[in-house]
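Chemist: File follows, my_file_20.cif with mmCIF, C-alpha atoms:
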data_protein
loop_
_atom_site.label_atom_id
_atom_site.label_comp_id
_atom_site.auth_asym_id
_atom_site.auth_seq_id
_atom_site.Cartn_x
_atom_site.Cartn_y
_atom_site.Cartn_z
CA MET I 3 -0.09 -14.21 30.54
CA GLU I 4 -1.07 -13.47 26.93
CA LEU I 5 0.70 -15.53 24.26
CA ASP I 6 0.62 -14.89 20.53
CA GLU I 7 0.85 -17.64 17.92
CA LEU I 8 4.63 -17.33 17.58
CA ASP I 9 5.03 -17.66 21.38
CA ARG I 10 2.95 -20.83 21.34
CA ASP I 11 4.85 -22.24 18.36
CA ALA I 12 8.18 -21.46 20.05
CA LEU I 13 7.09 -23.20 23.25
CA ARG I 14 5.90 -26.24 21.27
CA GLU I 15 9.29 -26.43 19.54
CA LEU I 16 11.15 -26.14 22.87
CA ALA I 17 8.95 -28.96 24.20
CA ASN I 18 9.47 -31.02 21.04
CA VAL I 19 13.25 -30.74 21.26
CA GLY I 20 13.39 -31.31 25.04
CA LEU I 21 11.00 -34.25 25.07
CA SER I 22 12.54 -35.83 21.95
CA ARG I 23 15.89 -35.85 23.71
CA ALA I 24 14.21 -37.24 26.82
CA ALA I 25 12.63 -40.02 24.71
CA THR I 26 16.06 -40.83 23.27
CA GLN I 27 17.47 -41.17 26.80
CA LEU I 28 14.55 -43.36 27.87
CA SER I 29 15.05 -45.52 24.79
CA GLU I 30 18.69 -46.07 25.75
CA LEU I 31 17.76 -46.86 29.36
CA LEU I 32 15.16 -49.45 28.37
CA ASN I 33 16.85 -50.65 25.18
CA ASP I 34 13.50 -50.26 23.53
CA HIS I 35 12.00 -48.02 20.85
CA ILE I 36 9.98 -45.15 22.32
CA GLU I 37 7.20 -43.63 20.27
CA MET I 38 6.16 -40.14 21.25
CA THR I 39 3.27 -37.96 20.19
CA VAL I 40 3.69 -34.33 19.10
CA PRO I 41 3.85 -32.46 22.42
CA LEU I 42 1.02 -30.31 23.68
CA VAL I 43 1.99 -27.15 25.53
CA GLN I 44 -0.02 -24.92 27.82
CA VAL I 45 0.86 -21.99 30.08
CA VAL I 46 -1.51 -21.87 33.03
CA PRO I 47 -1.63 -20.22 36.46
CA TYR I 48 -0.16 -22.45 39.12
CA GLY I 49 -3.56 -23.10 40.69
CA GLN I 50 -4.88 -24.65 37.47
CA VAL I 51 -2.13 -27.22 36.96
CA THR I 52 -4.05 -30.12 38.46
CA GLN I 53 -7.00 -29.51 36.16
CA ALA I 54 -4.83 -28.87 33.08
CA LEU I 55 -2.91 -32.13 33.48
CA GLN I 56 -6.14 -34.12 33.08
CA LEU I 57 -5.13 -36.73 35.63
CA ASP I 58 -7.58 -38.46 37.91
CA SER I 59 -7.19 -36.45 41.12
CA HIS I 60 -7.64 -39.64 43.18
CA ALA I 61 -5.07 -41.68 41.25
CA THR I 62 -1.59 -42.20 42.63
CA VAL I 63 1.14 -40.49 40.66
CA ALA I 64 4.91 -40.91 40.89
CA ALA I 65 6.67 -37.56 40.49
CA VAL I 66 10.34 -36.68 40.20
CA TRP I 67 11.32 -33.03 40.30
CA GLN I 68 14.47 -30.97 39.98
CA SER I 69 14.86 -27.27 40.55
CA PHE I 70 16.74 -25.33 37.90
CA SER I 71 18.47 -21.99 38.06
CA GLY I 72 20.25 -19.67 35.68
CA GLN I 73 18.72 -16.90 33.60
CA SER I 74 15.34 -18.55 34.24
CA GLU I 75 14.49 -20.35 37.46
CA GLY I 76 11.88 -22.88 38.40
CA THR I 77 11.17 -26.56 38.83
CA SER I 78 10.82 -29.32 36.25
CA MET I 79 8.63 -32.26 37.15
CA LEU I 80 8.22 -35.60 35.45
CA MET I 81 5.09 -37.53 36.33
CA PHE I 82 3.91 -41.04 35.61
CA PRO I 83 0.81 -42.82 36.80
CA SER I 84 1.99 -45.10 39.61
CA GLU I 85 1.46 -48.32 37.64
CA ASP I 86 3.46 -46.92 34.71
CA SER I 87 6.31 -45.93 37.00
CA LYS I 88 6.43 -49.47 38.39
CA ARG I 89 6.64 -50.85 34.83
CA LEU I 90 9.49 -48.45 34.16
CA VAL I 91 11.38 -49.47 37.28
CA HIS I 92 10.89 -53.18 36.65
CA ALA I 93 12.11 -52.77 33.09
CA LEU I 94 15.24 -51.05 34.34
CA VAL I 95 16.11 -52.95 37.52
CA GLY I 96 13.90 -56.03 37.23
CA PRO I 97 16.34 -58.59 38.69
CA SER I 98 17.04 -56.42 41.76
CA VAL I 99 13.32 -55.96 42.40
CA GLN I 100 12.66 -59.70 42.15
CA GLU I 101 15.39 -60.50 44.67
CA ALA I 102 14.48 -57.74 47.14
CA GLY I 103 12.35 -58.24 50.22
CA GLU I 104 9.18 -56.22 50.65
CA ASP I 105 10.96 -53.72 52.93
CA ASP I 106 13.61 -52.95 50.34
CA LEU I 107 11.25 -52.85 47.40
CA ARG I 108 9.95 -49.33 47.90
CA GLY I 109 13.45 -48.00 48.48
CA ILE I 110 14.68 -49.57 45.25
CA GLU I 111 11.70 -48.18 43.35
CA HIS I 112 12.25 -44.67 44.75
CA GLU I 113 15.96 -44.73 43.96
CA ALA I 114 15.33 -46.06 40.44
CA MET I 115 12.62 -43.48 39.74
CA MET I 116 14.89 -40.64 40.91
CA GLU I 117 17.65 -41.88 38.63
CA ILE I 118 15.30 -42.31 35.65
CA GLY I 119 13.77 -38.88 36.34
CA ASN I 120 17.16 -37.27 36.74
CA ILE I 121 18.39 -38.59 33.39
CA ILE I 122 15.21 -37.65 31.52
CA ILE I 123 14.74 -34.21 33.11
CA THR I 124 18.40 -33.22 32.85
CA SER I 125 18.69 -34.27 29.21
CA GLY I 126 15.47 -32.45 28.31
CA MET I 127 16.43 -29.28 30.19
CA SER I 128 19.99 -29.30 28.85
CA VAL I 129 18.89 -29.38 25.25
CA ILE I 130 16.35 -26.58 25.86
CA ALA I 131 19.14 -24.50 27.45
CA ASP I 132 21.40 -25.24 24.45
CA MET I 133 18.67 -24.12 22.09
CA LEU I 134 18.28 -20.85 24.00
CA GLY I 135 22.03 -20.38 24.33
CA GLN I 136 21.70 -20.30 28.11
CA GLU I 137 23.24 -22.15 31.02
CA VAL I 138 21.12 -24.08 33.45
CA GLN I 139 22.07 -25.54 36.80
CA MET I 140 20.03 -28.48 38.07
CA SER I 141 19.47 -29.43 41.72
CA LEU I 142 19.47 -33.00 42.98
CA PRO I 143 16.19 -34.79 42.22
CA GLY I 144 13.34 -35.20 44.68
CA TYR I 145 10.70 -37.92 44.59
CA MET I 146 7.14 -38.14 45.82
CA GLU I 147 4.31 -40.58 45.32
CA GLY I 148 0.77 -39.44 45.99
CA THR I 149 -2.25 -37.88 44.38
CA LEU I 150 -1.64 -34.95 42.07
CA PRO I 151 -3.29 -32.46 44.48
CA ASP I 152 -0.96 -33.71 47.27
CA ILE I 153 2.10 -33.33 45.08
CA MET I 154 1.13 -29.85 43.88
CA ALA I 155 0.38 -28.79 47.47
CA GLN I 156 3.91 -29.86 48.44
CA ARG I 157 5.46 -27.88 45.57
CA SER I 158 3.21 -24.93 46.47
CA ARG I 159 4.65 -24.83 50.00
CA ASP I 160 8.18 -24.84 48.53
CA ASN I 161 7.33 -21.92 46.22
CA ALA I 162 5.31 -19.92 48.75
CA GLY I 163 5.09 -16.22 47.99
CA LEU I 164 5.99 -16.48 44.29
CA ASP I 165 3.57 -15.61 41.49
CA MET I 166 4.00 -18.89 39.64
CA GLN I 167 3.07 -19.94 36.14
CA ALA I 168 3.26 -23.50 34.89
CA ILE I 169 4.42 -24.46 31.43
CA ILE I 170 2.93 -27.88 30.84
CA MET I 171 4.71 -29.97 28.23
CA PHE I 172 2.74 -33.09 27.67
CA THR I 173 3.46 -36.12 25.55
CA HIS I 174 2.56 -39.78 25.45
CA LEU I 175 5.64 -41.93 25.56
CA LYS I 176 4.99 -45.45 24.41
CA ALA I 177 7.57 -48.20 24.53
CA VAL I 178 7.08 -50.97 22.01
CA GLN I 179 6.58 -53.57 24.74
CA ARG I 180 5.32 -51.34 27.56
CA GLU I 181 2.70 -48.62 27.49
CA ILE I 182 3.98 -45.69 29.52
CA GLU I 183 2.33 -42.30 29.75
CA GLY I 184 4.52 -39.44 30.92
CA ARG I 185 3.94 -35.77 31.61
CA MET I 186 6.61 -33.13 32.02
CA VAL I 187 5.83 -29.83 33.70
CA MET I 188 7.95 -26.73 34.20
CA LEU I 189 6.91 -24.47 37.06
CA MET I 190 8.33 -20.97 36.78
CA SER I 191 7.71 -17.57 38.26
CA VAL I 192 5.99 -15.04 36.00
CA ASP I 193 9.27 -13.09 35.81
CA SER I 194 11.20 -16.18 34.70
CA VAL I 195 8.63 -17.04 32.03
CA GLN I 196 9.05 -13.50 30.70
CA VAL I 197 12.86 -13.91 30.62
CA LEU I 198 12.40 -17.11 28.62
CA PHE I 199 10.13 -15.41 26.08
CA ASP I 200 12.47 -12.41 25.78
CA ARG I 201 15.32 -14.78 24.97
CA LEU I 202 13.20 -16.65 22.41
CA HIS I 203 12.21 -13.42 20.67
CA LYS I 204 15.83 -12.26 20.43
CA LEU I 205 16.87 -15.63 19.07
CA LEU I 206 14.23 -15.55 16.36
CA ARG I 207 15.33 -12.05 15.34
CA GLY I 208 18.84 -13.40 14.92
CA LEU I 209 20.30 -11.48 17.86
CA MET R 29 21.91 -24.64 -3.68
CA LYS R 30 18.13 -24.83 -3.32
CA ILE R 31 17.08 -26.09 0.09
CA LEU R 32 13.59 -27.10 1.20
CA ILE R 33 13.00 -27.26 4.95
CA VAL R 34 9.87 -29.11 6.11
CA ASP R 35 8.89 -28.62 9.74
CA ASP R 36 5.49 -28.02 11.30
CA SER R 37 7.19 -25.59 13.70
CA MET R 38 7.54 -22.06 12.40
CA THR R 39 10.14 -21.51 15.16
CA SER R 40 12.31 -24.35 13.93
CA ARG R 41 12.15 -23.07 10.35
CA MET R 42 12.99 -19.54 11.51
CA LEU R 43 15.96 -20.74 13.57
CA PHE R 44 17.33 -22.65 10.58
CA LYS R 45 17.04 -19.50 8.50
CA VAL R 46 18.69 -17.37 11.21
CA TYR R 47 21.70 -19.71 11.36
CA MET R 48 22.12 -20.27 7.59
CA PRO R 49 25.21 -18.71 5.99
CA LYS R 50 24.38 -15.31 4.49
CA ASP R 51 26.57 -15.86 1.44
CA GLY R 52 23.89 -15.61 -1.24
CA GLU R 53 24.66 -19.12 -2.42
CA HIS R 54 21.69 -20.80 -0.81
CA GLU R 55 17.98 -20.37 -1.41
CA LEU R 56 15.71 -21.58 1.40
CA VAL R 57 12.10 -22.60 0.78
CA GLU R 58 9.79 -23.60 3.65
CA ALA R 59 6.93 -26.06 4.05
CA ALA R 60 4.89 -27.04 7.09
CA ASN R 61 3.25 -30.32 6.04
CA LEU R 62 3.26 -33.02 3.36
CA PRO R 63 0.94 -31.39 0.76
CA ASP R 64 2.85 -28.12 1.14
CA ALA R 65 6.17 -29.96 0.83
CA LEU R 66 5.12 -31.82 -2.32
CA GLU R 67 3.94 -28.59 -3.91
CA LYS R 68 7.21 -26.76 -3.10
CA MET R 69 9.20 -29.76 -4.30
CA ARG R 70 7.50 -29.61 -7.72
CA GLU R 71 7.95 -25.82 -7.90
CA VAL R 72 11.61 -25.46 -6.93
CA GLN R 73 13.16 -28.93 -7.48
CA PRO R 74 15.34 -28.62 -4.34
CA ASP R 75 18.87 -30.05 -4.18
CA LEU R 76 18.55 -30.67 -0.45
CA VAL R 77 15.49 -31.43 1.69
CA ILE R 78 15.69 -30.98 5.47
CA LEU R 79 12.87 -32.86 7.21
CA ASP R 80 11.79 -32.70 10.83
CA TYR R 81 11.00 -36.16 12.26
CA ASN R 82 8.21 -35.63 14.78
CA MET R 83 5.30 -34.01 12.94
CA PRO R 84 1.53 -34.53 13.01
CA GLU R 85 0.07 -36.99 10.49
CA HIS R 86 3.36 -37.92 8.75
CA ASN R 87 6.85 -38.17 10.21
CA GLY R 88 9.90 -37.02 8.29
CA VAL R 89 10.81 -40.48 7.01
CA GLU R 90 7.31 -41.03 5.64
CA MET R 91 7.43 -37.63 3.93
CA ALA R 92 10.77 -38.43 2.30
CA GLN R 93 9.34 -41.69 0.98
CA ALA R 94 6.40 -39.77 -0.52
CA MET R 95 8.75 -37.24 -2.14
CA LEU R 96 11.02 -39.96 -3.50
CA GLY R 97 7.89 -41.67 -4.85
CA GLU R 98 7.21 -38.53 -6.87
CA GLY R 99 10.67 -38.67 -8.37
CA SER R 100 12.62 -36.21 -6.21
CA LYS R 101 16.37 -36.29 -6.89
CA ALA R 102 17.18 -34.29 -3.76
CA LYS R 103 19.43 -35.35 -0.91
CA PHE R 104 17.54 -35.83 2.33
CA VAL R 105 18.61 -34.86 5.86
CA LEU R 106 16.58 -35.65 8.98
CA LEU R 107 16.34 -32.84 11.56
CA THR R 108 15.54 -34.09 15.06
CA ALA R 109 16.49 -34.30 18.74
CA ASN R 110 15.08 -37.82 18.71
CA THR R 111 18.25 -39.71 17.87
CA GLN R 112 17.08 -43.14 18.99
CA ARG R 113 18.89 -45.89 17.12
CA THR R 114 15.62 -47.07 15.56
CA VAL R 115 14.85 -43.58 14.24
CA VAL R 116 18.34 -43.10 12.79
CA ASP R 117 18.30 -46.59 11.26
CA SER R 118 14.91 -46.01 9.63
CA ALA R 119 16.13 -42.72 8.18
CA LEU R 120 19.32 -44.21 6.76
CA ALA R 121 17.36 -47.16 5.34
CA ALA R 122 14.99 -44.71 3.63
CA GLY R 123 17.92 -43.01 1.90
CA PHE R 124 18.65 -40.05 4.19
CA ILE R 125 22.29 -39.05 3.94
CA GLN R 126 22.53 -37.65 7.47
CA VAL R 127 20.74 -36.87 10.73
CA LEU R 128 21.15 -33.26 11.86
CA GLU R 129 20.62 -33.07 15.59
CA LYS R 130 18.43 -30.33 17.07
CA PRO R 131 19.02 -27.73 18.32
CA VAL R 132 20.81 -26.37 15.25
CA ASN R 133 23.41 -23.65 15.27
CA ALA R 134 25.52 -21.88 12.63
CA ALA R 135 28.42 -24.34 12.87
CA LYS R 136 26.21 -27.43 12.42
CA ILE R 137 24.48 -25.94 9.38
CA ALA R 138 27.74 -24.76 7.81
CA ALA R 139 29.24 -28.25 8.24
CA LEU R 140 26.18 -29.86 6.69
CA LEU R 141 26.17 -27.54 3.67
CA ALA R 142 29.89 -28.05 3.13
CA GLN R 143 29.38 -31.80 3.17
CA VAL R 144 26.43 -31.72 0.78
CA ALA R 145 27.96 -29.23 -1.69
#
In structure tokens, what does this structure look like?
Modeler:
Amino acid sequence: MELDELDRDALRELANVGLSRAATQLSELLNDHIEMTVPLVQVVPYGQVTQALQLDSHATVAAVWQSFSGQSEGTSMLMFPSEDSKRLVHALVGPSVQEAGEDDLRGIEHEAMMEIGNIIITSGMSVIADMLGQEVQMSLPGYMEGTLPDIMAQRSRDNAGLDMQAIIMFTHLKAVQREIEGRMVMLMSVDSVQVLFDRLHKLLRGL
Amino acid sequence: MKILIVDDSMTSRMLFKVYMPKDGEHELVEAANLPDALEKMREVQPDLVILDYNMPEHNGVEMAQAMLGEGSKAKFVLLTANTQRTVVDSALAAGFIQVLEKPVNAAKIAALLAQVA
């Protein structure tokens, strides 16, 4: 898909607004100041997502995803390196984790990550929808821990048959007391990406 | 009223312009970074400066401090979706009169301009 400079700028601003709201939510969850870098945005074919995310393909990643539907449809994913996700969970539900037995620990971590992901993804997607003057419906969150190729293979099976593009919105989120690196990715069909750009162009023309 | 909007995003500046009242009473000047903003500030002496928070090199609060250091008498408003308490507190401490939450729309901008007028 060919993007001109205004398309890229518009995507960066959507990412900036969505991720800024997500950082605000994370700050409230952790009661900590979250610094975020200016987001980087790329649109890549689905098959190039693993490479574009610049994650070690052998490293374990914790991913939360939610499907969205409305005028545009797709999946939003929030990913943290596994160690960062554990820091997040401990910051949020530390006392519960300390009291839990080994068997319960993973369950608590999964539940906490889905809740954190749900809050961050939903707030980010809602503000993007507001900006576009659109409605968005979000599914329940899903969670998976594994290597990035494993996670993308799973999502690929769920989206089989669709010509998918990925909008990668990437920022470093850094809590004052905890270094956390997050990535947010939107996976959309080519048709849905086109709907999003059409809406952006109309908005910028004041329609 | 002369308004200077400073945002590295052309989209954000365009959206602000799209939603501004078309009453002929407001003049909007744009800047994308600190040197550009300082130059426009000297040229037009704005009454109101709208500053994005999350920009490369300098955030909106740092830019306001630089503009105040050069003697600007404008009122400052921070434009951001990052409404963390620490961000809002730093803006208010730096002399901003308000935080305008992104995304903007016609009603938010009209309310802001009515308040500032």
Chemist: Of the candidates I:Gly135, I:Pro143, I:Pro47, I:Gly148, which shows the shortest atom-to-atom distance to chain R, using all atoms listed in the file?
Modeler: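 Of the candidates, the smallest distance to chain R is held by I:Gly135.
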Chemist: Counting all atoms listed in the file, collect the residues of chain R whose closest atom lies at most 12 Å from chain I, and write them out as a ChimeraX atom specification.
Modeler: /R:35-48,50,80-87,107-118,129-134
Chemist: Compile the contact shell of R:Asp75 as JSON, numbers by chain: residues with an atom at most 8 Å away, counting all atoms listed in the file, same-chain residues fewer than 6 positions apart removed.
Modeler: {"R": [29, 30, 31, 101, 102, 103]}
Chemist: Between atom CA of R:Ile33 and atom CA of R:Ala121, what distance in Å does the model show, to one decimal?
Modeler: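 For atom CA of R:Ile33 relative to atom CA of R:Ala121, the distance reads 20.4 Å.
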Chemist: Can you tell me how far atom CA of I:Met127 sits from atom CA of I:Tyr48, in Å to one decimal?
Modeler: 20.0 Å
Chemist: Expand the PyMOL selection byres ((chain I and resi 81) around 6) into the explicit residue set it covers here, and present it as a VMD selection string.
Modeler: chain I and resid 64 to 65 80 82 184 to 185
Chemist: Take the residues from that selection and put them in a file with C-alpha atoms, as a compact mmCIF listing (two decimals), in the frame of the given file.
Modeler:
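That gives us out_6.txt:
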# COMPACT_ATOMS: atom_id res chain seq x y z
CA ALA I 64 4.91 -40.91 40.89
CA ALA I 65 6.67 -37.56 40.49
CA LEU I 80 8.22 -35.60 35.45
CA PHE I 82 3.91 -41.04 35.61
CA GLY I 184 4.52 -39.44 30.92
CA ARG I 185 3.94 -35.77 31.61
Chemist: What is the distance, in Å and to one decimal place, between atom CA of I:Ala177 and atom CA of I:Val95?
Modeler: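 These atoms are spaced 16.3 Å apart.
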Chemist: Let me make sure I understand: among R:Ala135, R:Met69, R:Leu128, R:Val144, which one has the smallest atom-to-atom distance to R:Pro49 if we use all atoms listed in the file?
Modeler: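 Among the listed residues, the smallest separation from R:Pro49 belongs to R:Ala135.
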Chemist: For each of I:Gln73, I:His60, I:Asn120, I:Met188, take the minimum atom-to-atom distance to I:Met171, counting all atoms listed in the file, then give the residue where this is smallest.
Modeler: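 Counting all atoms listed in the file, the residue closest to I:Met171 is I:Met188.
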Chemist: Out of I:Ala114, I:Thr173, I:Ser125, I:Val51, which residue has the shortest atom-to-atom distance to I:Ala155 when counting only C-alpha atoms?
Modeler: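 Smallest distance to I:Ala155 is found for I:Val51.
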Chemist: Write out as an mmCIF file with C-alpha atoms, in the coordinates of the input which residues come within 12 Å of R:Gly123 when counting all atoms listed in the file, dropping same-chain ones fewer than 4 positions away.
Modeler:
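For reference, part36.cif as written:
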data_model
loop_
_atom_site.group_PDB
_atom_site.id
_atom_site.type_symbol
_atom_site.label_atom_id
_atom_site.label_comp_id
_atom_site.auth_asym_id
_atom_site.auth_seq_id
_atom_site.Cartn_x
_atom_site.Cartn_y
_atom_site.Cartn_z
ATOM 1 C CA VAL R 77 15.490 -31.430 1.690
ATOM 2 C CA GLY R 88 9.900 -37.020 8.290
ATOM 3 C CA VAL R 89 10.810 -40.480 7.010
ATOM 4 C CA GLU R 90 7.310 -41.030 5.640
ATOM 5 C CA MET R 91 7.430 -37.630 3.930
ATOM 6 C CA ALA R 92 10.770 -38.430 2.300
ATOM 7 C CA GLN R 93 9.340 -41.690 0.980
ATOM 8 C CA MET R 95 8.750 -37.240 -2.140
ATOM 9 C CA LEU R 96 11.020 -39.960 -3.500
ATOM 10 C CA SER R 100 12.620 -36.210 -6.210
ATOM 11 C CA LYS R 101 16.370 -36.290 -6.890
ATOM 12 C CA ALA R 102 17.180 -34.290 -3.760
ATOM 13 C CA LYS R 103 19.430 -35.350 -0.910
ATOM 14 C CA PHE R 104 17.540 -35.830 2.330
ATOM 15 C CA VAL R 105 18.610 -34.860 5.860
ATOM 16 C CA LEU R 106 16.580 -35.650 8.980
ATOM 17 C CA VAL R 116 18.340 -43.100 12.790
ATOM 18 C CA ASP R 117 18.300 -46.590 11.260
ATOM 19 C CA SER R 118 14.910 -46.010 9.630
ATOM 20 C CA ALA R 119 16.130 -42.720 8.180
ATOM 21 C CA VAL R 127 20.740 -36.870 10.730
#
